[in-house]
Structures are given as structure tokens and as C-alpha cells.
$ cat entry.cif   # mmCIF, C-alpha atoms
data_upload
loop_
_atom_site.label_atom_id
_atom_site.label_comp_id
_atom_site.auth_asym_id
_atom_site.auth_seq_id
_atom_site.Cartn_x
_atom_site.Cartn_y
_atom_site.Cartn_z
CA MET A 1 94.03 102.70 96.60
CA LEU A 2 97.66 101.63 96.20
CA ASN A 3 97.79 103.02 92.67
CA PHE A 4 96.27 106.29 93.89
CA LEU A 5 98.92 106.58 96.59
CA LYS A 6 101.71 105.88 94.10
CA ASP A 7 100.52 108.85 92.04
CA PHE A 8 100.83 111.06 95.11
CA GLU A 9 104.28 109.70 95.90
CA SER A 10 105.48 111.11 92.59
CA LYS A 11 103.45 114.32 92.85
CA LEU A 12 104.63 115.20 96.37
CA GLY A 13 108.10 113.67 96.21
CA ILE A 14 107.59 111.56 99.32
CA LYS A 15 107.66 107.89 100.28
CA ILE A 16 104.30 106.36 101.24
CA THR A 17 104.38 103.04 103.08
CA CYS A 18 101.17 101.01 103.38
CA SER A 19 100.27 98.65 106.20
CA GLN A 20 97.45 96.30 105.21
CA GLU A 21 95.26 94.38 107.63
CA THR A 22 94.47 90.74 106.87
CA GLU A 23 91.62 90.89 109.38
CA PRO A 24 89.68 93.86 110.84
CA LEU A 25 91.61 95.29 113.80
CA GLY A 26 89.35 98.15 114.82
CA THR A 27 90.57 101.74 115.17
CA ALA A 28 93.64 100.99 117.33
CA GLY A 29 94.84 97.54 116.24
CA PRO A 30 96.19 98.82 112.90
CA LEU A 31 98.55 101.14 114.81
CA ALA A 32 100.07 98.13 116.56
CA LEU A 33 100.39 96.42 113.18
CA ALA A 34 102.23 99.43 111.77
CA ARG A 35 104.29 100.04 114.91
CA ASP A 36 107.69 99.63 113.24
CA LYS A 37 106.70 102.10 110.53
CA LEU A 38 105.44 104.70 113.01
CA ILE A 39 108.45 104.82 115.33
CA ASP A 40 111.49 106.58 113.88
CA GLY A 41 113.47 107.00 117.10
CA SER A 42 112.89 110.75 117.34
CA GLY A 43 110.25 110.50 120.04
CA GLU A 44 108.15 113.03 118.16
CA PRO A 45 104.35 112.61 118.10
CA PHE A 46 102.54 111.40 115.00
CA PHE A 47 99.12 112.11 113.50
CA VAL A 48 96.30 109.58 113.18
CA LEU A 49 93.48 110.59 110.84
CA ASN A 50 90.17 108.99 109.95
CA SER A 51 90.06 108.78 106.16
CA ASP A 52 86.37 109.69 105.84
CA VAL A 53 86.50 113.21 107.30
CA ILE A 54 87.33 116.55 105.73
CA SER A 55 88.48 119.74 107.43
CA GLU A 56 91.14 122.43 107.14
CA TYR A 57 93.56 120.17 109.09
CA PRO A 58 95.30 122.69 111.38
CA PHE A 59 98.30 120.46 112.03
CA ALA A 60 100.68 123.18 113.25
CA GLU A 61 98.16 124.45 115.78
CA LEU A 62 97.50 120.91 117.01
CA ILE A 63 101.22 120.25 117.54
CA ARG A 64 101.58 123.46 119.58
CA PHE A 65 98.51 122.63 121.67
CA HIS A 66 99.69 119.06 122.29
CA LYS A 67 103.21 120.00 123.37
CA SER A 68 102.13 122.97 125.50
CA ARG A 69 100.01 120.68 127.68
CA GLY A 70 102.42 117.78 127.90
CA SER A 71 99.83 115.47 126.37
CA GLU A 72 100.36 111.84 125.54
CA ALA A 73 97.38 112.03 123.21
CA THR A 74 95.35 114.95 121.89
CA ILE A 75 91.95 114.58 120.26
CA MET A 76 90.63 117.24 117.93
CA VAL A 77 86.92 117.84 118.53
CA ASP A 78 84.24 119.71 116.63
CA ARG A 79 81.60 121.96 118.13
CA PHE A 80 78.63 120.45 116.31
CA VAL A 81 77.80 117.77 113.78
CA GLU A 82 74.49 116.63 112.34
CA LYS A 83 75.09 112.91 112.97
CA PRO A 84 77.37 112.53 116.02
CA ARG A 85 79.27 109.26 116.36
CA ILE A 86 81.56 109.56 119.37
CA PHE A 87 81.31 112.37 121.91
CA VAL A 88 84.15 113.90 123.92
CA GLY A 89 82.37 115.72 126.73
CA ASN A 90 79.72 117.75 124.93
CA LYS A 91 81.61 117.83 121.62
CA ILE A 92 82.13 115.40 118.76
CA ASN A 93 85.32 113.47 118.12
CA ALA A 94 86.58 114.80 114.77
CA GLY A 95 88.74 111.73 114.02
CA ILE A 96 92.01 113.71 114.08
CA TYR A 97 94.56 112.73 116.74
CA LEU A 98 98.14 113.54 117.71
CA LEU A 99 99.78 110.71 119.65
CA ASN A 100 103.10 110.21 121.35
CA PRO A 101 104.93 106.97 120.45
CA SER A 102 104.27 105.75 124.02
CA VAL A 103 100.61 105.30 123.06
CA LEU A 104 101.67 102.30 120.98
CA ASP A 105 102.77 100.54 124.18
CA ARG A 106 99.14 100.61 125.27
CA ILE A 107 97.85 98.81 122.15
CA GLU A 108 97.97 95.06 121.56
CA LEU A 109 97.93 93.50 118.10
CA LYS A 110 94.27 92.51 118.20
CA PRO A 111 90.93 94.16 117.39
CA THR A 112 90.90 97.24 119.61
CA SER A 113 88.97 100.51 119.76
CA ILE A 114 91.19 103.54 120.32
CA GLU A 115 88.18 105.59 121.40
CA LYS A 116 86.70 103.10 123.88
CA GLU A 117 89.73 101.13 125.10
CA VAL A 118 92.86 103.26 124.72
CA PHE A 119 91.81 106.88 125.25
CA PRO A 120 89.98 106.21 128.57
CA LYS A 121 93.21 104.77 130.04
CA ILE A 122 95.23 107.79 128.87
CA ALA A 123 92.54 110.08 130.32
CA ALA A 124 92.73 108.24 133.66
CA ASP A 125 96.45 109.09 133.75
CA GLY A 126 95.65 112.76 133.08
CA LYS A 127 97.48 112.77 129.75
CA LEU A 128 94.57 113.13 127.31
CA HIS A 129 93.51 116.56 126.06
CA ALA A 130 91.01 117.85 123.50
CA MET A 131 91.45 120.80 121.15
CA VAL A 132 88.44 122.43 119.51
CA LEU A 133 88.80 122.29 115.73
CA PRO A 134 88.85 125.68 114.04
CA GLY A 135 87.06 126.03 110.73
CA PHE A 136 84.80 123.45 109.12
CA TRP A 137 84.55 119.69 109.61
CA MET A 138 82.43 117.00 107.98
CA ASP A 139 82.16 113.22 108.04
CA ILE A 140 82.01 112.34 104.32
CA GLY A 141 81.61 108.58 104.61
CA GLN A 142 78.21 108.68 102.88
CA PRO A 143 77.58 110.17 99.40
CA LYS A 144 75.16 112.89 100.55
CA ASP A 145 77.62 113.88 103.27
CA TYR A 146 80.38 113.94 100.66
CA ILE A 147 78.41 116.52 98.67
CA THR A 148 77.93 118.58 101.84
CA GLY A 149 81.65 118.25 102.60
CA LEU A 150 82.45 119.46 99.09
CA ARG A 151 80.38 122.59 99.69
CA LEU A 152 82.15 123.28 102.99
CA TYR A 153 85.56 122.69 101.41
CA LEU A 154 84.81 125.06 98.53
CA GLU A 155 83.54 127.71 100.95
CA ALA A 156 86.79 127.40 102.91
CA THR A 157 88.77 127.64 99.68
CA ARG A 158 86.90 130.84 98.83
CA ARG A 159 87.97 132.34 102.17
CA ARG A 160 91.57 131.11 102.24
CA LYS A 161 92.71 130.51 98.67
CA PRO A 162 90.19 132.07 96.27
CA TYR A 163 92.69 132.00 93.39
CA LYS A 164 92.20 128.22 93.19
CA LEU A 165 88.55 128.58 92.18
CA ALA A 166 87.34 128.84 88.59
CA VAL A 167 86.08 132.16 87.28
CA GLY A 168 84.21 133.21 84.16
CA PRO A 169 80.76 133.94 82.76
CA HIS A 170 79.94 130.21 82.80
CA ILE A 171 80.76 129.82 86.53
CA VAL A 172 78.21 130.25 89.32
CA GLY A 173 79.40 130.23 92.94
CA ASN A 174 82.30 128.08 94.11
CA VAL A 175 83.70 125.74 91.45
CA LEU A 176 86.98 123.84 91.28
CA VAL A 177 88.21 122.77 87.82
CA HIS A 178 91.44 120.85 87.31
CA GLU A 179 93.86 122.50 84.90
CA THR A 180 93.72 119.51 82.54
CA ALA A 181 89.91 119.46 82.29
CA VAL A 182 88.26 120.76 79.11
CA ILE A 183 85.05 122.82 79.31
CA GLY A 184 82.93 123.37 76.19
CA GLU A 185 80.96 126.39 75.03
CA GLY A 186 77.67 127.49 76.55
CA CYS A 187 78.03 125.56 79.80
CA LEU A 188 76.74 126.69 83.19
CA ILE A 189 78.74 125.23 86.08
CA GLY A 190 78.07 125.68 89.78
CA PRO A 191 77.53 126.20 92.52
CA ASP A 192 79.53 123.63 94.49
CA VAL A 193 81.11 121.64 91.67
CA ALA A 194 84.48 119.88 91.43
CA ILE A 195 85.79 118.68 88.06
CA GLY A 196 88.77 116.34 88.13
CA PRO A 197 91.83 115.85 85.92
CA GLY A 198 91.35 114.84 82.32
CA CYS A 199 87.60 115.41 82.34
CA VAL A 200 85.76 116.63 79.25
CA VAL A 201 82.59 118.68 79.64
CA GLU A 202 81.04 119.22 76.23
CA ASP A 203 78.95 122.17 75.01
CA GLY A 204 75.76 123.25 76.77
CA VAL A 205 76.19 121.16 79.92
CA ARG A 206 74.63 122.19 83.26
CA LEU A 207 76.43 121.06 86.45
CA SER A 208 75.53 121.90 90.05
CA ARG A 209 76.36 120.41 93.47
CA CYS A 210 78.31 117.52 91.99
CA THR A 211 81.72 115.95 91.58
CA VAL A 212 83.01 114.75 88.22
CA MET A 213 85.98 112.48 88.80
CA ARG A 214 89.10 111.83 86.78
CA ALA A 215 88.78 111.26 83.01
CA ALA A 216 84.96 111.37 82.98
CA ARG A 217 83.14 112.78 79.94
CA ILE A 218 79.89 114.74 80.15
CA LYS A 219 78.33 114.96 76.70
CA LYS A 220 76.41 117.83 75.13
CA HIS A 221 73.37 119.39 76.82
CA SER A 222 73.28 116.95 79.73
CA CYS A 223 72.33 118.10 83.24
CA ILE A 224 73.86 116.80 86.47
CA SER A 225 72.80 117.88 89.95
CA GLY A 226 73.52 116.56 93.44
CA SER A 227 75.44 113.54 92.15
CA ILE A 228 78.88 111.90 91.89
CA ILE A 229 80.28 110.83 88.52
CA GLY A 230 82.98 108.19 88.89
CA TRP A 231 86.33 107.82 87.17
CA HIS A 232 86.30 107.20 83.41
CA SER A 233 82.51 107.35 83.27
CA THR A 234 80.38 108.92 80.54
CA VAL A 235 77.07 110.75 80.72
CA GLY A 236 75.34 110.84 77.31
CA GLN A 237 73.84 113.75 75.39
CA TRP A 238 70.65 115.27 76.82
CA ALA A 239 70.85 112.93 79.82
CA ARG A 240 69.66 114.09 83.23
CA VAL A 241 71.38 112.80 86.37
CA GLU A 242 70.17 114.00 89.78
CA ASN A 243 69.02 113.27 93.34
CA MET A 244 72.27 111.69 94.60
CA THR A 245 72.94 109.47 91.64
CA ILE A 246 76.29 107.72 92.12
CA LEU A 247 78.14 106.34 89.10
CA GLY A 248 80.97 103.93 89.88
CA GLU A 249 84.09 103.70 87.77
CA ASP A 250 83.64 103.20 84.02
CA VAL A 251 79.86 103.59 83.95
CA HIS A 252 78.26 104.75 80.71
CA VAL A 253 74.88 106.48 80.77
CA CYS A 254 73.37 106.49 77.30
CA ASP A 255 71.88 109.51 75.52
CA GLU A 256 68.61 110.96 76.88
CA VAL A 257 68.59 108.67 79.92
CA TYR A 258 67.25 109.98 83.25
CA SER A 259 68.65 108.84 86.60
CA ASN A 260 66.79 109.73 89.78
CA GLY A 261 69.05 108.56 92.61
CA GLY A 262 70.51 105.53 90.87
CA VAL A 263 73.57 103.95 92.47
CA VAL A 264 75.42 102.19 89.68
CA LEU A 265 78.23 99.73 90.31
CA PRO A 266 81.40 99.93 88.17
CA HIS A 267 81.65 98.87 84.53
CA LYS A 268 77.96 99.14 83.66
CA GLU A 269 76.06 100.62 80.74
CA ILE A 270 72.73 102.29 81.55
CA LYS A 271 70.43 102.15 78.53
CA SER A 272 67.11 102.93 80.22
CA SER A 273 66.04 105.50 82.77
CA ILE A 274 66.21 104.92 86.53
CA LEU A 275 62.99 106.52 87.69
CA ASN A 276 63.32 105.82 91.42
CA PRO A 277 66.38 105.48 93.68
CA ALA A 278 67.83 102.01 93.23
CA ILE A 279 71.10 100.10 93.15
CA VAL A 280 72.10 98.86 89.69
CA MET A 281 74.40 95.85 89.94
#

$ encode --input "entry.cif" --output "C-alpha cells"
Amino acid sequence: MLNFLKDFESKLGIKITCSQETEPLGTAGPLALARDKLIDGSGEPFFVLNSDVISEYPFAELIRFHKSRGSEATIMVDRFVEKPRIFVGNKINAGIYLLNPSVLDRIELKPTSIEKEVFPKIAADGKLHAMVLPGFWMDIGQPKDYITGLRLYLEATRRRKPYKLAVGPHIVGNVLVHETAVIGEGCLIGPDVAIGPGCVVEDGVRLSRCTVMRAARIKKHSCISGSIIGWHSTVGQWARVENMTILGEDVHVCDEVYSNGGVVLPHKEIKSSILNPAIVM
């Protein structure tokens, strides 16, 4: 994670400071731990985001809503979700908050739930508001939800920034291909596919509803559907990978192997087929 963030520091030209827990502190305790990093003396509110959600992140609209109501804390809520976790009234907490620095005075450095212990006190003071999230939202903490979130993200990209999507006779539906990825001849890619930087997709490959992460290689005539291919992994020639197969980092699936829902931990070589969903350690 730290290495990933360092890459984005250079890419975006910003400074990213990490605050690391030595013990679980819940959803509010980490804010107390990072207090000195969050307060810059301006008195301006700051965002708190759950890392396992995806949306269009309407930050400007949230700031306007928050300030127009004199809120101490504003929760962004979604209209509907398949697996609700925390409700706000009759809507779901989307895990996107805008908080005034004064909220930190309500949080002790100990395991604390912001949803169950902090927000109710702010609400009792009449300083908590909820804004309905425009656009899409998805909790992507589980692999199958990640694939759904990818579809929603690509649909939103089609509406808002269609120029970012791949086009061509080998593309079906919404597909995102990094500029450094290499795509071979005779491939059919899509719908709902994301191909990361440095990936190589060889000739005759079929990809649908999947993510191929950084520096992965998909060899000739293989077929991948409804799956996630991890960083630096390889899928062999004529292999078939489907049904929410998850390959961790540096996993190598040999030629002509079939994976039906295999979840493979990093740094493994798969020489024989996985016929039923299973974890390969």
C-alpha cells in the first residue's frame, strides 16, 4: 500500500502522509490518531472516505451542501444498495463524510465507531445532515461486488468521459485499457473489462467482465470471464478462467488449465485445473 501511494505522490505531484494503526481503532479512532495531520489551522472541513466504496465522488457538491446548512458533519447517503450495512433514516450510509475539525474533539484515542458513537451525538446537537449521493455507488469490499462496481464505473465513464474508453473492432461494450498495455491480434475484449498498465494480452484472447492488473500477461487463445487477475500474474495459452476466479500477485496459471472460481494466494503456480470453487494456498 505504501509503495502504491508513493507512485501516486509522483503522478499527482502531492504529498501523501500515512497514519498507521498498531491496533484496530474502529472507524473513528484512526481520526484521533491522525489528528495532528488533519488540522491545518484553516478551520476548513475535511473528507473521510471508506476505502472499499466506489462512486463519482461529488466533492464540490458535498462542500456546498455542508456549508449551506452549517453542518458539523455531513454524511453522504445512497438511495438503495443490495447489501445494506448502516442505515441513515431509510437510506444507506455511503461511507463518504465531510467533517469540521471540531468533530475530532468528540473522538478519543481508543477503538470507536464514528457511525454508532460519534454521529448520534452530533445529531443530538442538530449539526448532522445527510446528502443524497448523485450517480452510482457500490461497496466493492468483496470480489463479486468489485466486478459489479467496475461495471457501474465504466457505465459512468461512458456517460461523462467516453473518450477514456477503448474503441475498435475488437472491443465490445465498455472497456478501459491503459495506454501502456499491449493488445494482440484477433482478440475480443468486453464488455466491462479493465486492463492495467504494462499488461500484455496476446493474440486470440477473449476477455469479459474482468480486471487484469498491472504487468499481467494473458497468453494466446485464453479466455477469462468474471474474474480478477492480479499484478504480475500469467494466464497460460488456451487456459480458461471464470466464475469469480481471483489470482493474487505473481500467480502463474499453466497452459490449458481451467479455473472455476479458484481463489489463488500470491506467488503460486497452478499446474492442474480447479474444477470447483476453492482457495489455493

$ atom_distance --input "entry.cif" --atom1 "atom CA of Lys11 of chain A" --atom2 "atom CA of Leu176 of chain A"
19.1 Å

$ atom_distance --input "entry.cif" --atom1 "atom CA of Leu133 of chain A" --atom2 "atom CA of Tyr57 of chain A"
8.4 Å

$ resolve_selection --input "entry.cif" --expression "the PyMOL selection byres ((chain A and resi 220) around 6)" --output "PyMOL selection string"
chain A and resi 202-205+219+221-222+237

$ write_last_selection --input "entry.cif" --atoms "C-alpha atoms" --output "mmCIF file, in the coordinates of the input"
data_model
loop_
_atom_site.group_PDB
_atom_site.id
_atom_site.type_symbol
_atom_site.label_atom_id
_atom_site.label_comp_id
_atom_site.auth_asym_id
_atom_site.auth_seq_id
_atom_site.Cartn_x
_atom_site.Cartn_y
_atom_site.Cartn_z
ATOM 1 C CA GLU A 202 81.040 119.220 76.230
ATOM 2 C CA ASP A 203 78.950 122.170 75.010
ATOM 3 C CA GLY A 204 75.760 123.250 76.770
ATOM 4 C CA VAL A 205 76.190 121.160 79.920
ATOM 5 C CA LYS A 219 78.330 114.960 76.700
ATOM 6 C CA HIS A 221 73.370 119.390 76.820
ATOM 7 C CA SER A 222 73.280 116.950 79.730
ATOM 8 C CA GLN A 237 73.840 113.750 75.390
#

$ resolve_selection --input "entry.cif" --expression "the PyMOL selection byres ((chain A and resi 236) around 6)" --output "PyMOL selection string"
chain A and resi 219+235+237+239+253-255

$ atom_distance --input "entry.cif" --atom1 "atom CA of Asn243 of chain A" --atom2 "atom CA of Gly261 of chain A"
4.8 Å

$ resolve_selection --input "entry.cif" --expression "the PyMOL selection byres ((chain A and resi 54) around 7)" --output "VMD selection string"
chain A and resid 52 to 53 55 137 to 140 149

$ residues_around --input "entry.cif" --residues "Lys15 of chain A" --least-positions-apart "6" --cutoff "10 Å" --atoms "only C-alpha atoms" --output "ChimeraX atom specification"
/A:5-6,8-9

$ closest_residue --input "entry.cif" --among "A:Thr74, A:Ser208, A:Asn93, A:Thr234" --to "Lys268 of chain A" --atoms "all atoms listed in the file"
A:Thr234

$ residues_around --input "entry.cif" --residues "segment 18-35 of chain A" --least-positions-apart "2" --cutoff "12 Å" --atoms "only C-alpha atoms" --output "number ranges by chain"
A: 1-6, 9, 15-16, 37-41, 46-51, 95, 97, 99, 101-119

$ axis_aligned_box --input "entry.cif" --around "segment 146-149 of chain A" --padding-each-side "3 Å" --output "JSON"
{"center_x": 79.8, "center_y": 116.3, "center_z": 100.6, "size_x": 9.7, "size_y": 10.6, "size_z": 9.9}

$ closest_residue --input "entry.cif" --among "A:Pro169, A:Pro45, A:Gly248, A:Pro191" --to "Ala216 of chain A" --atoms "all atoms listed in the file"
A:Gly248

$ closest_residue --input "entry.cif" --among "A:Leu150, A:Leu265, A:Val200, A:Ala215" --to "Leu247 of chain A" --atoms "only C-alpha atoms"
A:Leu265

$ residues_around --input "entry.cif" --residues "Ser225 of chain A" --least-positions-apart "6" --cutoff "8 Å" --atoms "only C-alpha atoms" --output "ChimeraX atom specification"
/A:207-210,241-244

$ closest_residue --input "entry.cif" --among "A:Pro120, A:Asp250, A:Gly168, A:Val201" --to "Val182 of chain A" --atoms "all atoms listed in the file"
A:Val201

$ residues_around --input "entry.cif" --residues "Arg206 of chain A" --least-positions-apart "3" --cutoff "8 Å" --atoms "only C-alpha atoms" --output "ChimeraX atom specification"
/A:187-189,221-224

$ closest_residue --input "entry.cif" --among "A:Ser68, A:Asn100, A:Asp192, A:Lys121" --to "Leu154 of chain A" --atoms "all atoms listed in the file"
A:Asp192

$ closest_residue --input "entry.cif" --among "A:Ile229, A:Ile147, A:Val77, A:Ala166" --to "Val132 of chain A" --atoms "all atoms listed in the file"
A:Val77
